[in-house]
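Asks: Starting off with a structure, shown below.
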Amino acid sequence: MGKRQRTIAATPAAGLAVVTSPINSLDDGCLMHIFSFLSPIPDRHNTALVCHKWRYLACHPRHWLRIESSIKRLAEPGVYSTLEAAVAAARPGDTILISAGGNHIAHNIQIKKPLCLIGGGKLPDDTVLTCLRGSESALEFFSTCKVANLTVRAELGCCLLHRSGRLMVEGCILQCEENPLDYLSFPIVSTAPECNGFTPLALKGKGGCRVGTDCVTVSNTRIEGGAKAVSTNGNLVLQHVRAIYARTSIFFWFEVGER
């Protein structure tokens, strides 16, 4: 009787093992499809830390392109040494992950397709894009794009030049270095002919950036240096300014609307 009970007890355990098969038993294509539903930062970035297999699948060029300073990783698919090369190879809608550490050079890089540029560090200070003196801007946007978790530093000129489309700046640091020609430096410049203004993130879908319009959204971003934070064309003025004072910095949310 006891032997029969042990046999019956073992049967559910065996069935349970079949039902709860580990996720690693799924084929690579299925796992990549699952990873595609994750947000690039932090979820998909965290999956790359689980194991070598998950790192390969999470960092596959089907999900995003990467900019690495390490020479060893340049042989991997979807890895580039410069932001300019990654932008040229990217397809509309791609995400470009810029590795933390080092100093990435960005000068007059024109972005004419929808892209998302994300810093790979824990903080925006970990990933720095530097625009050298003599360049008009670090990044020039002609399409809908998002910039997140990055520090963009301009020696002279502007950090971000907005020509058209919707530009979203989230959790970044925009720095214009101090020099005798500060009056020529601006963290953000917009020359969009039909720009409806700079809108805070809270207004998206509620009178903020509307589909098909040219606008800029700035949220949780630290702005340093320059003649003024934003330079625009036409009759736009600064409105609805909100600020959070931290121990070492001030973070702004703001809107620029018509006078």
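We name chains A, B, ... following the order of the structure tokens; residues begin at 1 in each chain, and ligands are numbered from 1 as shown.
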Using backbone DSSP assignments, extract all strand (DSSP E or B) residues from region 118-164 of chain A; output them as a ChimeraX atom specification.
Replies: /A:118-119,128-131,137-141,145-148,151-154,158-162
Asks: Could you write those residues out with N, CA and C atoms, as a PDB file, in the first residue's frame?
Replies:
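And here is the file that came out, selection_31.pdb:
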```pdb
ATOM      1  N   ILE A 118      19.694  56.568 -26.428  1.00  0.00           N
ATOM      2  CA  ILE A 118      19.652  56.324 -24.991  1.00  0.00           C
ATOM      3  C   ILE A 118      21.063  56.082 -24.466  1.00  0.00           C
ATOM      4  N   GLY A 119      21.387  56.712 -23.351  1.00  0.00           N
ATOM      5  CA  GLY A 119      22.660  56.467 -22.690  1.00  0.00           C
ATOM      6  C   GLY A 119      22.624  55.155 -21.927  1.00  0.00           C
ATOM      7  N   VAL A 128      28.529  60.683 -22.121  1.00  0.00           N
ATOM      8  CA  VAL A 128      28.715  62.081 -22.519  1.00  0.00           C
ATOM      9  C   VAL A 128      28.936  62.178 -24.023  1.00  0.00           C
ATOM     10  N   LEU A 129      28.162  63.042 -24.668  1.00  0.00           N
ATOM     11  CA  LEU A 129      28.381  63.413 -26.067  1.00  0.00           C
ATOM     12  C   LEU A 129      28.967  64.812 -26.080  1.00  0.00           C
ATOM     13  N   THR A 130      30.113  64.978 -26.746  1.00  0.00           N
ATOM     14  CA  THR A 130      30.797  66.266 -26.757  1.00  0.00           C
ATOM     15  C   THR A 130      30.794  66.848 -28.161  1.00  0.00           C
ATOM     16  N   CYS A 131      30.333  68.088 -28.247  1.00  0.00           N
ATOM     17  CA  CYS A 131      30.359  68.828 -29.508  1.00  0.00           C
ATOM     18  C   CYS A 131      31.533  69.795 -29.464  1.00  0.00           C
ATOM     19  N   SER A 137      26.144  72.398 -33.938  1.00  0.00           N
ATOM     20  CA  SER A 137      25.401  71.670 -32.921  1.00  0.00           C
ATOM     21  C   SER A 137      25.970  70.266 -32.785  1.00  0.00           C
ATOM     22  N   ALA A 138      25.604  69.602 -31.692  1.00  0.00           N
ATOM     23  CA  ALA A 138      25.969  68.197 -31.537  1.00  0.00           C
ATOM     24  C   ALA A 138      25.035  67.325 -32.360  1.00  0.00           C
ATOM     25  N   LEU A 139      23.731  67.521 -32.191  1.00  0.00           N
ATOM     26  CA  LEU A 139      22.724  66.731 -32.897  1.00  0.00           C
ATOM     27  C   LEU A 139      21.721  67.667 -33.555  1.00  0.00           C
ATOM     28  N   GLU A 140      21.371  67.368 -34.791  1.00  0.00           N
ATOM     29  CA  GLU A 140      20.420  68.176 -35.551  1.00  0.00           C
ATOM     30  C   GLU A 140      19.262  67.279 -35.979  1.00  0.00           C
ATOM     31  N   PHE A 141      18.050  67.629 -35.570  1.00  0.00           N
ATOM     32  CA  PHE A 141      16.893  66.747 -35.737  1.00  0.00           C
ATOM     33  C   PHE A 141      15.950  67.270 -36.826  1.00  0.00           C
ATOM     34  N   CYS A 145      12.117  62.251 -32.731  1.00  0.00           N
ATOM     35  CA  CYS A 145      13.177  61.521 -32.042  1.00  0.00           C
ATOM     36  C   CYS A 145      13.042  61.694 -30.535  1.00  0.00           C
ATOM     37  N   LYS A 146      13.700  60.786 -29.824  1.00  0.00           N
ATOM     38  CA  LYS A 146      13.767  60.872 -28.368  1.00  0.00           C
ATOM     39  C   LYS A 146      15.218  60.764 -27.928  1.00  0.00           C
ATOM     40  N   VAL A 147      15.612  61.603 -26.967  1.00  0.00           N
ATOM     41  CA  VAL A 147      16.947  61.578 -26.387  1.00  0.00           C
ATOM     42  C   VAL A 147      16.774  61.395 -24.881  1.00  0.00           C
ATOM     43  N   ALA A 148      17.387  60.366 -24.312  1.00  0.00           N
ATOM     44  CA  ALA A 148      17.173  60.060 -22.898  1.00  0.00           C
ATOM     45  C   ALA A 148      18.472  59.609 -22.237  1.00  0.00           C
ATOM     46  N   THR A 151      24.255  63.000 -21.359  1.00  0.00           N
ATOM     47  CA  THR A 151      24.816  64.335 -21.170  1.00  0.00           C
ATOM     48  C   THR A 151      25.343  64.809 -22.515  1.00  0.00           C
ATOM     49  N   VAL A 152      24.852  65.948 -22.972  1.00  0.00           N
ATOM     50  CA  VAL A 152      25.309  66.539 -24.232  1.00  0.00           C
ATOM     51  C   VAL A 152      26.022  67.846 -23.891  1.00  0.00           C
ATOM     52  N   ARG A 153      27.291  67.930 -24.274  1.00  0.00           N
ATOM     53  CA  ARG A 153      28.132  69.057 -23.897  1.00  0.00           C
ATOM     54  C   ARG A 153      28.624  69.769 -25.149  1.00  0.00           C
ATOM     55  N   ALA A 154      28.396  71.084 -25.210  1.00  0.00           N
ATOM     56  CA  ALA A 154      28.817  71.887 -26.363  1.00  0.00           C
ATOM     57  C   ALA A 154      29.841  72.918 -25.912  1.00  0.00           C
ATOM     58  N   CYS A 158      25.281  74.921 -29.990  1.00  0.00           N
ATOM     59  CA  CYS A 158      24.145  74.412 -29.228  1.00  0.00           C
ATOM     60  C   CYS A 158      24.253  72.895 -29.075  1.00  0.00           C
ATOM     61  N   CYS A 159      23.594  72.391 -28.056  1.00  0.00           N
ATOM     62  CA  CYS A 159      23.597  70.941 -27.832  1.00  0.00           C
ATOM     63  C   CYS A 159      22.646  70.248 -28.799  1.00  0.00           C
ATOM     64  N   LEU A 160      21.401  70.732 -28.856  1.00  0.00           N
ATOM     65  CA  LEU A 160      20.372  70.120 -29.696  1.00  0.00           C
ATOM     66  C   LEU A 160      19.779  71.177 -30.609  1.00  0.00           C
ATOM     67  N   LEU A 161      19.779  70.900 -31.906  1.00  0.00           N
ATOM     68  CA  LEU A 161      19.211  71.806 -32.902  1.00  0.00           C
ATOM     69  C   LEU A 161      17.982  71.140 -33.509  1.00  0.00           C
ATOM     70  N   HIS A 162      16.828  71.734 -33.263  1.00  0.00           N
ATOM     71  CA  HIS A 162      15.553  71.157 -33.700  1.00  0.00           C
ATOM     72  C   HIS A 162      15.084  71.863 -34.966  1.00  0.00           C
TER      73      HIS A 162
END
```
Asks: Using only C-alpha atoms, which protein or nucleic acid residues come within 12 Å of Leu26 (chain A)? Drop anything in the same chain fewer than 6 positions from it, and give the result as a PyMOL selection string.
Replies: chain A and resi 32-34+53-54
Asks: Which residue gives the smallest distance to Leu174 (chain A) among A:Cys215, A:Ala58, A:Ile223, A:Ile188, with only C-alpha atoms counted?
Replies: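 Of A:Cys215, A:Ala58, A:Ile223, A:Ile188, the one nearest Leu174 (chain A) is A:Ile223, counting only C-alpha atoms.
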Asks: Quick one: pull the distance between CA of Arg222 (chain A) and CA of Leu150 (chain A), Å, one decimal.
Replies: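 CA of Leu150 (chain A) lies 10.6 Å from CA of Arg222 (chain A).
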Asks: Ser143 (chain A): which residues within 12 Å, counting only C-alpha atoms, same-chain residues fewer than 3 positions away excluded, as an MDAnalysis selection string?
Replies: chainID A and resid 92:93 110:116 139:140 146 161:168 192 212:216
Asks: Find the distance between CA of Asn220 (chain A) and CA of Arg44 (chain A) and write it in Å to one decimal.
Replies: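 Rounded to one decimal, the two atoms are 22.0 Å apart.
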Asks: Given only C-alpha atoms as the basis, pick out the residue of A:Asn108, A:Ser190, A:Val169, A:Arg55 nearest to Val218 (chain A).
Replies: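 Of A:Asn108, A:Ser190, A:Val169, A:Arg55, the one nearest Val218 (chain A), counting only C-alpha atoms, is A:Val169.
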